[in-house]
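Source file: final-v9.txt (compact mmCIF, C-alpha atoms)
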```
# COMPACT_ATOMS: atom_id res chain seq x y z
CA MET W 1 -32.79 0.68 6.89
CA LYS W 2 -34.25 -1.93 4.59
CA PRO W 3 -35.64 -1.36 1.10
CA ALA W 4 -39.35 -1.00 0.48
CA PRO W 5 -40.80 -4.02 -1.34
CA PHE W 6 -40.19 -4.31 -5.08
CA ALA W 7 -40.46 -6.98 -7.74
CA TYR W 8 -37.34 -8.30 -9.43
CA ALA W 9 -36.76 -9.65 -12.92
CA LYS W 10 -33.57 -10.87 -14.53
CA ALA W 11 -33.26 -9.64 -18.10
CA ARG W 12 -32.09 -12.25 -20.63
CA SER W 13 -31.04 -9.73 -23.25
CA VAL W 14 -30.98 -6.00 -23.91
CA ALA W 15 -34.27 -6.33 -25.81
CA HIS W 16 -35.81 -8.18 -22.87
CA ALA W 17 -34.56 -5.46 -20.49
CA ILE W 18 -36.21 -2.79 -22.62
CA GLU W 19 -39.43 -4.79 -22.63
CA LEU W 20 -39.34 -5.04 -18.82
CA LEU W 21 -38.51 -1.35 -18.45
CA ALA W 22 -41.86 -0.53 -20.07
CA ASN W 23 -43.43 -1.32 -16.68
CA ASP W 24 -44.33 1.68 -14.52
CA ASP W 25 -41.62 2.68 -12.04
CA ALA W 26 -39.16 0.06 -13.26
CA ARG W 27 -35.47 0.73 -12.59
CA LEU W 28 -32.42 -0.80 -14.20
CA LEU W 29 -30.05 -2.63 -11.85
CA ALA W 30 -26.42 -2.92 -12.98
CA GLY W 31 -23.65 -2.94 -10.34
CA GLY W 32 -26.08 -1.55 -7.79
CA GLN W 33 -23.40 0.28 -5.80
CA SER W 34 -25.41 3.50 -5.81
CA LEU W 35 -28.91 2.17 -6.50
CA ILE W 36 -29.04 -0.41 -3.70
CA ALA W 37 -27.73 2.17 -1.22
CA THR W 38 -30.57 4.52 -2.18
CA LEU W 39 -33.05 1.63 -1.92
CA ASN W 40 -31.76 0.79 1.57
CA MET W 41 -32.21 4.40 2.60
CA ARG W 42 -35.65 4.48 0.92
CA LEU W 43 -34.60 7.43 -1.19
CA SER W 44 -35.80 5.40 -4.14
CA HIS W 45 -38.77 3.03 -4.28
CA PRO W 46 -39.20 1.44 -7.69
CA SER W 47 -41.92 -1.14 -8.24
CA LEU W 48 -39.64 -3.39 -10.33
CA LEU W 49 -35.88 -3.87 -10.59
CA VAL W 50 -34.66 -5.05 -13.97
CA ASP W 51 -31.33 -6.80 -13.39
CA ILE W 52 -29.08 -6.72 -16.46
CA ASN W 53 -26.12 -8.47 -14.80
CA GLY W 54 -26.82 -11.70 -16.65
CA VAL W 55 -27.04 -10.11 -20.10
CA GLY W 56 -24.22 -11.40 -22.28
CA GLY W 57 -21.96 -9.29 -24.45
CA LEU W 58 -22.09 -6.12 -22.34
CA ASP W 59 -18.89 -6.79 -20.38
CA GLU W 60 -16.32 -6.62 -23.14
CA ILE W 61 -13.53 -4.18 -23.91
CA SER W 62 -12.68 -4.02 -27.59
CA SER W 63 -10.86 -1.75 -29.97
CA ASN W 64 -11.43 -0.97 -33.59
CA ASP W 65 -10.97 1.90 -35.93
CA GLY W 66 -8.95 4.06 -33.55
CA HIS W 67 -11.51 3.73 -30.80
CA ILE W 68 -11.93 1.75 -27.61
CA GLN W 69 -15.35 0.39 -26.84
CA ILE W 70 -16.17 -0.38 -23.20
CA GLY W 71 -19.28 -2.46 -22.54
CA ALA W 72 -21.61 -0.93 -19.98
CA LEU W 73 -21.31 -3.94 -17.66
CA VAL W 74 -17.50 -3.86 -17.50
CA ARG W 75 -16.79 -3.66 -13.79
CA HIS W 76 -14.41 -1.06 -12.41
CA ALA W 77 -12.02 -3.77 -11.17
CA GLN W 78 -12.02 -5.37 -14.63
CA ALA W 79 -11.22 -2.00 -16.22
CA GLU W 80 -8.49 -1.42 -13.62
CA ARG W 81 -6.83 -4.73 -14.54
CA SER W 82 -7.20 -4.28 -18.29
CA ALA W 83 -3.83 -3.88 -20.01
CA GLU W 84 -5.63 -2.63 -23.11
CA LEU W 85 -7.32 0.22 -21.22
CA GLY W 86 -4.02 1.06 -19.48
CA ARG W 87 -2.35 1.44 -22.87
CA ARG W 88 -5.12 2.87 -25.01
CA ALA W 89 -7.34 4.68 -22.49
CA PRO W 90 -4.79 6.05 -20.01
CA LEU W 91 -7.18 8.69 -18.61
CA ILE W 92 -9.66 6.02 -17.55
CA ALA W 93 -6.80 4.04 -16.01
CA LEU W 94 -5.62 7.10 -14.05
CA ALA W 95 -9.11 7.75 -12.69
CA MET W 96 -9.96 4.18 -11.75
CA PRO W 97 -8.14 3.91 -8.38
CA HIS W 98 -10.01 7.02 -7.17
CA ILE W 99 -13.41 5.41 -7.63
CA GLY W 100 -14.81 4.12 -4.33
CA HIS W 101 -13.01 1.24 -2.67
CA PRO W 102 -11.87 -2.19 -3.91
CA ALA W 103 -15.12 -3.92 -2.90
CA ILE W 104 -17.14 -1.21 -4.65
CA ARG W 105 -14.98 -1.53 -7.77
CA ASN W 106 -15.41 -5.31 -7.77
CA ARG W 107 -19.11 -4.82 -8.33
CA GLY W 108 -19.70 -1.32 -9.75
CA THR W 109 -19.88 -0.92 -13.52
CA ILE W 110 -18.54 1.66 -15.94
CA GLY W 111 -21.97 2.06 -17.52
CA GLY W 112 -23.62 2.46 -14.14
CA SER W 113 -21.29 5.29 -13.14
CA VAL W 114 -21.91 7.13 -16.38
CA ALA W 115 -25.67 6.54 -16.39
CA PHE W 116 -26.09 7.52 -12.73
CA ALA W 117 -24.13 10.72 -13.54
CA ASP W 118 -23.26 11.78 -10.02
CA PRO W 119 -21.84 15.29 -10.53
CA ALA W 120 -18.89 14.50 -8.24
CA ALA W 121 -18.07 11.18 -9.92
CA GLU W 122 -14.88 10.57 -11.88
CA LEU W 123 -16.03 8.63 -14.93
CA PRO W 124 -18.61 11.05 -16.35
CA ALA W 125 -15.91 13.75 -16.38
CA CYS W 126 -13.43 11.38 -18.03
CA VAL W 127 -15.90 10.49 -20.77
CA LEU W 128 -16.58 14.21 -21.31
CA ALA W 129 -12.85 15.06 -21.36
CA LEU W 130 -12.26 12.34 -23.94
CA GLY W 131 -15.12 13.47 -26.17
CA GLY W 132 -16.63 10.01 -25.85
CA GLU W 133 -19.87 8.67 -27.25
CA LEU W 134 -22.55 6.70 -25.49
CA THR W 135 -24.54 3.98 -27.24
CA ILE W 136 -28.08 3.71 -25.95
CA ALA W 137 -30.65 1.02 -26.75
CA GLY W 138 -34.28 2.02 -26.39
CA PRO W 139 -37.78 1.05 -27.49
CA GLN W 140 -37.21 2.81 -30.85
CA GLY W 141 -33.86 1.16 -31.48
CA SER W 142 -30.28 2.15 -30.86
CA ARG W 143 -28.79 5.65 -30.89
CA VAL W 144 -25.44 7.28 -30.21
CA VAL W 145 -25.14 10.42 -28.07
CA LYS W 146 -21.98 12.48 -27.69
CA ALA W 147 -20.74 13.05 -24.14
CA ASP W 148 -21.15 16.82 -24.70
CA ASP W 149 -24.90 16.25 -25.13
CA PHE W 150 -25.35 13.39 -22.64
CA PHE W 151 -25.15 15.09 -19.23
CA LYS W 152 -28.27 17.25 -18.88
CA GLY W 153 -28.58 18.17 -15.23
CA LEU W 154 -28.34 16.85 -11.70
CA PHE W 155 -28.49 13.03 -12.10
CA GLU W 156 -30.16 13.70 -15.46
CA THR W 157 -28.82 12.38 -18.74
CA ALA W 158 -29.98 11.71 -22.28
CA LEU W 159 -31.21 8.32 -20.99
CA THR W 160 -34.94 7.92 -20.42
CA THR W 161 -36.36 5.42 -17.95
CA HIS W 162 -37.01 3.08 -20.90
CA ASP W 163 -33.41 3.06 -22.16
CA VAL W 164 -30.35 0.89 -21.56
CA LEU W 165 -26.85 2.34 -21.89
CA THR W 166 -24.99 -0.44 -23.70
CA SER W 167 -21.47 0.88 -24.32
CA ILE W 168 -19.06 3.79 -24.14
CA ARG W 169 -16.79 4.60 -27.03
CA ILE W 170 -13.70 6.77 -26.67
CA PRO W 171 -10.84 7.63 -29.01
CA ALA W 172 -7.84 5.35 -28.50
CA ALA W 173 -4.69 7.05 -27.24
CA GLY W 174 -1.84 7.53 -29.69
CA ALA W 175 1.76 8.68 -29.37
CA GLN W 176 0.72 12.36 -29.21
CA THR W 177 -2.08 11.84 -26.68
CA ARG W 178 -1.69 13.66 -23.38
CA VAL W 179 -3.93 13.12 -20.37
CA GLY W 180 -4.15 14.38 -16.82
CA PHE W 181 -6.26 13.59 -13.78
CA ALA W 182 -6.35 14.97 -10.24
CA GLU W 183 -8.91 15.34 -7.50
CA PHE W 184 -9.32 16.52 -3.92
CA ALA W 185 -11.25 14.23 -1.61
CA ARG W 186 -11.22 14.27 2.17
CA ARG W 187 -10.55 10.53 2.30
CA HIS W 188 -9.35 8.16 -0.37
CA GLY W 189 -12.33 6.69 -2.20
CA ASP W 190 -14.78 9.44 -1.26
CA TYR W 191 -16.54 11.44 -3.92
CA ALA W 192 -14.35 14.38 -4.87
CA MET W 193 -14.77 17.91 -3.50
CA VAL W 194 -13.35 19.04 -6.82
CA GLY W 195 -11.73 17.02 -9.58
CA LEU W 196 -10.36 17.48 -13.09
CA ALA W 197 -9.98 15.14 -16.04
CA ALA W 198 -8.13 16.37 -19.13
CA SER W 199 -7.11 15.16 -22.54
CA ALA W 200 -5.22 16.74 -25.44
CA ARG W 201 -2.96 16.05 -28.38
CA ALA W 202 0.61 17.33 -28.32
CA ASP W 203 1.67 19.38 -31.34
CA GLY W 204 5.17 20.71 -30.81
CA LYS W 205 4.96 22.91 -27.74
CA ARG W 206 1.22 23.46 -28.13
CA LEU W 207 -1.69 21.33 -27.05
CA ARG W 208 -4.45 20.70 -29.58
CA ASP W 209 -8.00 19.53 -28.91
CA LEU W 210 -7.55 20.26 -25.21
CA ARG W 211 -10.61 19.32 -23.17
CA LEU W 212 -10.79 20.11 -19.46
CA ALA W 213 -13.72 18.50 -17.60
CA TYR W 214 -14.25 19.41 -13.95
CA PHE W 215 -16.38 17.42 -11.54
CA GLY W 216 -17.82 18.29 -8.14
CA VAL W 217 -18.38 21.89 -9.24
CA GLY W 218 -21.97 21.89 -10.49
CA SER W 219 -24.90 19.70 -11.38
CA THR W 220 -23.02 17.95 -14.21
CA PRO W 221 -19.37 17.55 -15.23
CA VAL W 222 -18.34 20.98 -16.58
CA ARG W 223 -16.03 21.88 -19.47
CA ALA W 224 -13.70 24.84 -18.79
CA HIS W 225 -14.18 26.48 -22.18
CA HIS W 226 -12.25 29.68 -21.39
CA ALA W 227 -9.35 28.02 -19.61
CA GLU W 228 -8.85 25.52 -22.45
CA PRO W 229 -7.47 27.94 -25.11
CA ALA W 230 -5.29 29.72 -22.53
CA LEU W 231 -3.73 26.49 -21.39
CA ALA W 232 -3.39 25.22 -24.96
CA ASP W 233 -1.26 28.34 -25.61
CA GLY W 234 0.87 27.51 -22.61
CA ASP W 235 -0.36 30.36 -20.37
CA ILE W 236 -1.20 28.55 -17.16
CA ASP W 237 -1.77 31.75 -15.14
CA ALA W 238 -4.33 33.02 -17.64
CA ALA W 239 -5.95 29.59 -17.68
CA VAL W 240 -6.31 29.58 -13.89
CA ARG W 241 -7.79 33.11 -14.01
CA ALA W 242 -10.25 32.04 -16.70
CA LEU W 243 -11.72 29.41 -14.39
CA ALA W 244 -13.67 32.19 -12.65
CA GLN W 245 -15.62 32.55 -15.92
CA ASP W 246 -15.97 28.82 -16.52
CA LEU W 247 -17.03 27.56 -13.13
CA ASN W 248 -19.70 28.71 -10.73
CA PRO W 249 -19.67 26.03 -8.05
CA PRO W 250 -22.40 26.30 -5.43
CA ASP W 251 -21.47 26.07 -1.76
CA ASP W 252 -21.96 22.56 -0.41
CA VAL W 253 -21.35 20.64 2.81
CA GLN W 254 -17.69 20.15 1.92
CA ALA W 255 -16.59 23.60 0.78
CA SER W 256 -17.77 27.05 -0.26
CA GLY W 257 -17.88 27.95 -3.95
CA ALA W 258 -14.88 30.24 -3.47
CA VAL W 259 -12.80 27.44 -1.99
CA LYS W 260 -13.79 25.15 -4.86
CA ILE W 261 -12.68 27.76 -7.43
CA HIS W 262 -9.35 28.04 -5.63
CA LEU W 263 -8.94 24.25 -5.56
CA ALA W 264 -9.89 24.06 -9.25
CA GLY W 265 -6.92 26.34 -9.98
CA VAL W 266 -4.57 24.20 -7.91
CA LEU W 267 -5.76 21.10 -9.77
CA LEU W 268 -5.31 22.83 -13.12
CA ARG W 269 -1.65 23.51 -12.33
CA ARG W 270 -1.14 19.87 -11.35
CA VAL W 271 -2.91 18.55 -14.42
CA ALA W 272 -1.03 20.99 -16.68
CA ARG W 273 2.23 19.38 -15.55
CA GLN W 274 0.82 15.93 -16.35
CA LEU W 275 -0.25 17.12 -19.81
CA ASP W 276 3.33 18.15 -20.56
CA ARG W 277 4.55 14.61 -20.12
CA ALA W 278 4.48 12.03 -22.88
CA LEU W 279 2.76 8.76 -22.03
CA SER W 280 5.18 6.01 -21.15
CA MET Z 1 -41.04 -13.59 -13.85
CA ASN Z 2 -41.57 -10.21 -12.15
CA ALA Z 3 -42.14 -11.46 -8.66
CA HIS Z 4 -41.53 -10.16 -5.18
CA VAL Z 5 -40.43 -13.62 -4.00
CA HIS Z 6 -37.91 -15.86 -5.75
CA ASP Z 7 -36.42 -19.33 -5.32
CA VAL Z 8 -32.64 -19.29 -5.37
CA VAL Z 9 -29.87 -21.86 -5.25
CA MET Z 10 -26.39 -20.77 -4.29
CA THR Z 11 -23.26 -22.26 -2.80
CA VAL Z 12 -22.60 -20.82 0.63
CA ASN Z 13 -19.22 -21.77 2.09
CA GLY Z 14 -19.12 -24.82 -0.15
CA GLU Z 15 -22.62 -26.07 0.68
CA GLU Z 16 -25.49 -25.91 -1.77
CA THR Z 17 -28.17 -23.72 -0.24
CA ARG Z 18 -31.75 -23.48 -1.48
CA ALA Z 19 -34.01 -20.73 -0.26
CA THR Z 20 -37.03 -18.64 -1.07
CA VAL Z 21 -36.16 -14.97 -0.67
CA ASP Z 22 -37.87 -11.62 -0.88
CA ALA Z 23 -36.48 -9.65 -3.82
CA ARG Z 24 -35.71 -6.81 -1.45
CA LYS Z 25 -33.61 -8.89 0.94
CA THR Z 26 -29.93 -7.93 0.85
CA LEU Z 27 -27.30 -10.65 0.72
CA VAL Z 28 -26.00 -9.88 4.21
CA ASP Z 29 -29.51 -10.03 5.70
CA PHE Z 30 -30.02 -13.38 3.98
CA LEU Z 31 -26.74 -14.75 5.30
CA ARG Z 32 -27.42 -13.60 8.85
CA ASP Z 33 -31.16 -14.26 9.14
CA ASP Z 34 -31.74 -17.25 6.86
CA ALA Z 35 -28.35 -18.98 6.78
CA ALA Z 36 -27.50 -18.22 10.45
CA LEU Z 37 -24.06 -16.95 9.45
CA THR Z 38 -23.70 -13.96 11.74
CA GLY Z 39 -19.98 -13.34 11.17
CA SER Z 40 -20.83 -10.80 8.47
CA HIS Z 41 -21.90 -7.68 10.31
CA ILE Z 42 -24.30 -4.91 9.42
CA GLY Z 43 -23.04 -1.39 9.97
CA CYS Z 44 -24.17 1.44 7.74
CA GLU Z 45 -26.34 -0.44 5.21
CA HIS Z 46 -25.30 1.88 2.41
CA GLY Z 47 -21.90 0.64 1.34
CA VAL Z 48 -19.65 2.92 3.37
CA CYS Z 49 -18.35 0.95 6.35
CA GLY Z 50 -17.31 -2.48 4.98
CA ALA Z 51 -18.53 -4.50 7.99
CA CYS Z 52 -20.73 -6.66 5.72
CA SER Z 53 -17.94 -7.66 3.30
CA VAL Z 54 -18.32 -11.15 1.83
CA ARG Z 55 -16.95 -12.90 -1.24
CA VAL Z 56 -19.16 -13.59 -4.24
CA ASP Z 57 -17.61 -15.67 -7.02
CA GLY Z 58 -14.20 -14.95 -5.52
CA ALA Z 59 -14.46 -11.15 -5.30
CA VAL Z 60 -15.00 -9.20 -2.07
CA VAL Z 61 -18.25 -7.23 -2.25
CA ARG Z 62 -20.50 -5.27 0.06
CA GLY Z 63 -23.15 -7.65 1.41
CA CYS Z 64 -25.52 -4.71 1.83
CA LEU Z 65 -25.20 -3.60 -1.80
CA MET Z 66 -26.17 -6.92 -3.38
CA LEU Z 67 -29.52 -8.61 -3.20
CA ALA Z 68 -29.77 -12.24 -2.18
CA VAL Z 69 -31.85 -12.90 -5.30
CA GLN Z 70 -28.89 -11.75 -7.41
CA CYS Z 71 -26.78 -14.55 -5.96
CA ASP Z 72 -28.81 -17.30 -7.61
CA GLY Z 73 -26.14 -19.62 -9.02
CA ALA Z 74 -23.30 -17.79 -7.29
CA ARG Z 75 -20.55 -19.02 -4.98
CA VAL Z 76 -20.78 -17.06 -1.73
CA GLU Z 77 -18.11 -17.20 0.98
CA THR Z 78 -18.37 -15.60 4.41
CA ILE Z 79 -15.80 -15.17 7.16
CA GLU Z 80 -16.97 -18.48 8.66
CA GLY Z 81 -16.15 -20.40 5.50
CA VAL Z 82 -12.92 -18.63 4.72
CA ALA Z 83 -11.68 -19.06 8.31
CA ASP Z 84 -12.57 -22.78 8.22
CA THR Z 85 -10.44 -23.39 5.14
CA ASP Z 86 -7.26 -22.20 6.89
CA GLU Z 87 -6.77 -19.60 4.18
CA ILE Z 88 -6.37 -16.73 6.64
CA THR Z 89 -5.14 -18.45 9.81
CA ASP Z 90 -1.86 -16.51 9.72
CA LEU Z 91 -3.76 -13.24 9.25
CA GLN Z 92 -6.09 -14.00 12.16
CA GLU Z 93 -3.10 -14.82 14.37
CA ALA Z 94 -1.36 -11.60 13.35
CA PHE Z 95 -4.49 -9.59 14.21
CA ILE Z 96 -4.53 -11.17 17.67
CA ALA Z 97 -0.77 -10.79 18.22
CA ARG Z 98 -0.82 -7.09 17.35
CA ASN Z 99 -4.13 -6.14 18.97
CA ALA Z 100 -5.54 -5.28 15.55
CA LEU Z 101 -9.07 -5.55 16.91
CA GLN Z 102 -10.91 -4.49 20.00
CA CYS Z 103 -14.68 -4.85 19.66
CA GLY Z 104 -14.32 -7.06 16.58
CA TYR Z 105 -17.19 -5.56 14.63
CA CYS Z 106 -15.08 -4.62 11.60
CA THR Z 107 -12.74 -7.61 11.83
CA PRO Z 108 -14.46 -10.09 9.46
CA GLY Z 109 -14.60 -7.43 6.74
CA MET Z 110 -11.04 -6.35 7.44
CA LEU Z 111 -9.76 -9.92 7.18
CA LEU Z 112 -11.52 -10.63 3.89
CA THR Z 113 -10.46 -7.31 2.37
CA ALA Z 114 -6.86 -7.69 3.53
CA GLN Z 115 -6.77 -11.26 2.22
CA GLU Z 116 -7.83 -10.03 -1.22
CA LEU Z 117 -4.84 -7.67 -1.24
CA LEU Z 118 -2.43 -10.33 0.07
CA ALA Z 119 -3.66 -12.91 -2.43
CA ALA Z 120 -2.54 -10.59 -5.25
CA GLY Z 121 1.03 -11.41 -4.15
CA GLY Z 122 4.10 -9.35 -3.36
CA VAL Z 123 4.62 -7.14 -0.33
CA PRO Z 124 2.40 -4.07 -0.56
CA SER Z 125 3.63 -0.82 0.99
CA ARG Z 126 1.92 0.50 4.12
CA GLU Z 127 0.33 3.17 1.94
CA GLN Z 128 -1.04 0.51 -0.43
CA ILE Z 129 -2.41 -1.42 2.52
CA ARG Z 130 -4.13 1.71 3.84
CA VAL Z 131 -5.62 2.52 0.46
CA HIS Z 132 -6.86 -1.03 0.00
CA LEU Z 133 -8.50 -1.01 3.44
CA SER Z 134 -9.86 2.53 3.05
CA GLY Z 135 -13.40 1.25 2.56
CA ASN Z 136 -13.41 -0.64 5.87
CA TYR Z 137 -14.02 1.44 8.96
CA CYS Z 138 -12.63 0.58 12.37
CA ARG Z 139 -13.68 2.74 15.31
CA CYS Z 140 -11.42 1.09 17.91
CA THR Z 141 -7.87 0.59 16.77
CA GLY Z 142 -6.86 3.72 14.87
CA TYR Z 143 -5.78 1.36 12.05
CA GLN Z 144 -2.04 1.31 12.89
CA ALA Z 145 -2.21 -2.17 14.38
CA ILE Z 146 -4.29 -3.44 11.45
CA VAL Z 147 -1.75 -2.15 8.95
CA ASP Z 148 1.02 -3.67 11.08
CA ALA Z 149 -0.71 -7.07 11.04
CA VAL Z 150 -1.35 -7.07 7.30
CA GLU Z 151 2.19 -5.92 6.56
CA ALA Z 152 3.67 -8.62 8.82
CA VAL Z 153 1.67 -11.35 7.07
CA ALA Z 154 2.62 -10.01 3.63
CA LYS Z 155 6.30 -10.18 4.57
CA ALA Z 156 5.98 -13.60 6.19
CA ARG Z 157 4.15 -15.10 3.22
CA HIS Z 158 6.63 -13.56 0.82
CA SER Z 159 9.68 -14.94 2.62
CA ALA Z 160 7.99 -18.34 3.04
CA GLN Z 161 7.52 -18.42 -0.73
CA GLY Z 162 11.16 -17.52 -1.27
CA THR Z 163 12.46 -20.39 0.87
CA ARG Z 164 10.21 -22.98 -0.72
```

Rewritten as structure tokens:
Amino acid sequence: MKPAPFAYAKARSVAHAIELLANDDARLLAGGQSLIATLNMRLSHPSLLVDINGVGGLDEISSNDGHIQIGALVRHAQAERSAELGRRAPLIALAMPHIGHPAIRNRGTIGGSVAFADPAAELPACVLALGGELTIAGPQGSRVVKADDFFKGLFETALTTHDVLTSIRIPAAGAQTRVGFAEFARRHGDYAMVGLAASARADGKRLRDLRLAYFGVGSTPVRAHHAEPALADGDIDAAVRALAQDLNPPDDVQASGAVKIHLAGVLLRRVARQLDRALS
Amino acid sequence: MNAHVHDVVMTVNGEETRATVDARKTLVDFLRDDAALTGSHIGCEHGVCGACSVRVDGAVVRGCLMLAVQCDGARVETIEGVADTDEITDLQEAFIARNALQCGYCTPGMLLTAQELLAAGGVPSREQIRVHLSGNYCRCTGYQAIVDAVEAVAKARHSAQGTR
């Protein structure tokens, strides 16, 4: 199908984008790899698209103060090629090849994935597992929201229709950082049936600050709060059992909730092995 | 300007192209309907099948997931332009030699996507070739012959480099 008619404006700056977003039914256009598909299918019919692709300064990866800052307009392919992200944000690097296909990654943006917040998408779960922070510019100025508070519901985040997500900030990996990532998808590049992103800090034989973020199991990425302490203590069987308390995945077209819980346990065992390994 | 219609200037296969486009017109519709370049095909229109693949500023993208108005100032290349430059002649010949196409609907997208992988250099494994082409659907061949063709060209280009 073809999109319903809409007006289009190219934002010159973040401030200009916010000004344009004050229009009724305006939508922000970043990489467009989800939005334009929904326009084509007429699942979405905004009156105005505000294109931020030309806004300068949003496509940079920088590090300071023990953190990595990823501009919202950094494209997946750019992140995939970034030596700095490979070294200092290894979880993002592990997840990147699972996101869509090369042509999608050439165009799709990191900020777009996080802002769209598809519950089966990789990056929202990674940002949650890393305890990241999202910087949001809005009509009242700029604010920072923690990943734990950002994902509100199905395709719902702390962003309002008048806001622009400008960057994502995550702690930089150090020598003790441990990460793991695994997902089940029917075909490479599809959204996951179930997936898991994890980060921790090694402390002798224990894992500290372990964060397990599942995706494809609910309306948002989901922390496994009961499995985390069990796995941190090294009891993988107890951690797998605890997932029944942590996750309540609804049946969907791909699998029943019971199958998803089973797969979540399989993924946890795989990711637990990854967490035991030091980063090279 | 918040308009439904925009004037754009872009380079299409090396030629400066001026047009007035509806904001809602996708790049692939523009190329086919306005620029008469029908080598880029329309399959699913929601970014799944890869038949509409084109290059924008050197990167392969879905022609159905970009708007023509977004290409103002961009360098757009379609299968017609890329084939004319001789860049993929060996790949086209390998596709023919190995029956890597039947109806041909996916072929322009397959060629552009495979060329992006080959241009990165080295000889990718069959698994890497499959993963790279995973966003391009072919309903005729079963993919084996396509992977064969891409692998053969990767090896041939690699050995040609070595002897130079």

Near Ala264 in chain W, within 8 Å and counting all atoms listed in the file, which residues show up once chain neighbours fewer than 3 positions away are dropped, as number ranges by chain?
W: 194-196, 214, 243, 260-261, 267-268

Keeping C-alpha atoms, export the residues of the selection given above as a tab-separated table (two decimals), keeping the file's coordinate frame.
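What follows is the written file again-v8.tsv:
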```tsv
chain	number	residue	atom	x	y	z
W	194	VAL	CA	-13.35	19.04	-6.82
W	195	GLY	CA	-11.73	17.02	-9.58
W	196	LEU	CA	-10.36	17.48	-13.09
W	214	TYR	CA	-14.25	19.41	-13.95
W	243	LEU	CA	-11.72	29.41	-14.39
W	260	LYS	CA	-13.79	25.15	-4.86
W	261	ILE	CA	-12.68	27.76	-7.43
W	267	LEU	CA	-5.76	21.10	-9.77
W	268	LEU	CA	-5.31	22.83	-13.12
```

Pick out the chain W residues within 10 Å of chain Z. Count all atoms listed in the file. Give them as JSON, numbers by chain.
{"W": [1, 2, 3, 4, 5, 6, 7, 8, 9, 10, 11, 20, 31, 32, 33, 34, 35, 36, 37, 38, 39, 40, 41, 47, 48, 49, 50, 51, 53, 54, 77, 97, 98, 100, 101, 102, 103, 104, 105, 106, 107, 108, 187, 188, 189, 190]}

In terms of the shortest atom-to-atom distance over all atoms listed in the file, which of W:Ser167, W:Leu207, W:Ser82, W:Val145 is closest to Gly57 in chain W?
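Checking each of W:Ser167, W:Leu207, W:Ser82, W:Val145 against Gly57 in chain W, counting all atoms listed in the file, the winner is W:Ser167.
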
Which residue, Z:Asp33, Z:Ala94, Z:Ile88, Z:Gln128, has the smallest gap to Gln115 in chain Z when you use all atoms listed in the file?
Z:Ile88

CA of Gly153 in chain W to CA of Asn248 in chain W: how many Å, to one decimal?
14.5 Å

Calculate how many Å separate CA of Gln274 in chain W from CA of Val179 in chain W, rounding to one decimal.
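That distance, rounded to one decimal, is 6.8 Å.
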
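Separating CA of Leu21 in chain W from CA of Asp163 in chain W is a distance of 7.7 Å.
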
Taking into account only C-alpha atoms, which residue in the set Z:Arg18, Z:Cys106, Z:Asn13, Z:Cys49 is nearest to Leu37 in chain Z?
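Smallest distance to Leu37 in chain Z is found for Z:Asn13.
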
Leaving out range 129-143 of chain W and any residue of its chain fewer than 3 positions from it, which residues lie within 10 Å of it when counting only C-alpha atoms, given as a short mmCIF file (atom, residue, chain, number, x, y, z; two decimals) with C-alpha atoms, keeping the file's coordinate frame?
```cif
data_model
loop_
_atom_site.label_atom_id
_atom_site.label_comp_id
_atom_site.auth_asym_id
_atom_site.auth_seq_id
_atom_site.Cartn_x
_atom_site.Cartn_y
_atom_site.Cartn_z
CA VAL W 14 -30.98 -6.00 -23.91
CA ALA W 15 -34.27 -6.33 -25.81
CA ALA W 17 -34.56 -5.46 -20.49
CA ILE W 18 -36.21 -2.79 -22.62
CA GLU W 19 -39.43 -4.79 -22.63
CA LEU W 21 -38.51 -1.35 -18.45
CA ALA W 22 -41.86 -0.53 -20.07
CA HIS W 67 -11.51 3.73 -30.80
CA ILE W 68 -11.93 1.75 -27.61
CA GLN W 69 -15.35 0.39 -26.84
CA ILE W 70 -16.17 -0.38 -23.20
CA GLY W 71 -19.28 -2.46 -22.54
CA ALA W 72 -21.61 -0.93 -19.98
CA ALA W 89 -7.34 4.68 -22.49
CA LEU W 91 -7.18 8.69 -18.61
CA ILE W 92 -9.66 6.02 -17.55
CA GLY W 111 -21.97 2.06 -17.52
CA VAL W 114 -21.91 7.13 -16.38
CA ALA W 115 -25.67 6.54 -16.39
CA LEU W 123 -16.03 8.63 -14.93
CA PRO W 124 -18.61 11.05 -16.35
CA ALA W 125 -15.91 13.75 -16.38
CA CYS W 126 -13.43 11.38 -18.03
CA LYS W 146 -21.98 12.48 -27.69
CA ALA W 147 -20.74 13.05 -24.14
CA ASP W 148 -21.15 16.82 -24.70
CA ASP W 149 -24.90 16.25 -25.13
CA PHE W 150 -25.35 13.39 -22.64
CA ALA W 158 -29.98 11.71 -22.28
CA LEU W 159 -31.21 8.32 -20.99
CA THR W 160 -34.94 7.92 -20.42
CA THR W 161 -36.36 5.42 -17.95
CA HIS W 162 -37.01 3.08 -20.90
CA ASP W 163 -33.41 3.06 -22.16
CA VAL W 164 -30.35 0.89 -21.56
CA LEU W 165 -26.85 2.34 -21.89
CA THR W 166 -24.99 -0.44 -23.70
CA SER W 167 -21.47 0.88 -24.32
CA ILE W 168 -19.06 3.79 -24.14
CA ARG W 169 -16.79 4.60 -27.03
CA ILE W 170 -13.70 6.77 -26.67
CA PRO W 171 -10.84 7.63 -29.01
CA ALA W 172 -7.84 5.35 -28.50
CA ALA W 173 -4.69 7.05 -27.24
CA VAL W 179 -3.93 13.12 -20.37
CA GLY W 180 -4.15 14.38 -16.82
CA LEU W 196 -10.36 17.48 -13.09
CA ALA W 197 -9.98 15.14 -16.04
CA ALA W 198 -8.13 16.37 -19.13
CA SER W 199 -7.11 15.16 -22.54
CA ALA W 200 -5.22 16.74 -25.44
CA ASP W 209 -8.00 19.53 -28.91
CA LEU W 210 -7.55 20.26 -25.21
CA ARG W 211 -10.61 19.32 -23.17
CA LEU W 212 -10.79 20.11 -19.46
CA ALA W 213 -13.72 18.50 -17.60
CA TYR W 214 -14.25 19.41 -13.95
CA PRO W 221 -19.37 17.55 -15.23
CA VAL W 222 -18.34 20.98 -16.58
CA ARG W 223 -16.03 21.88 -19.47
#
```
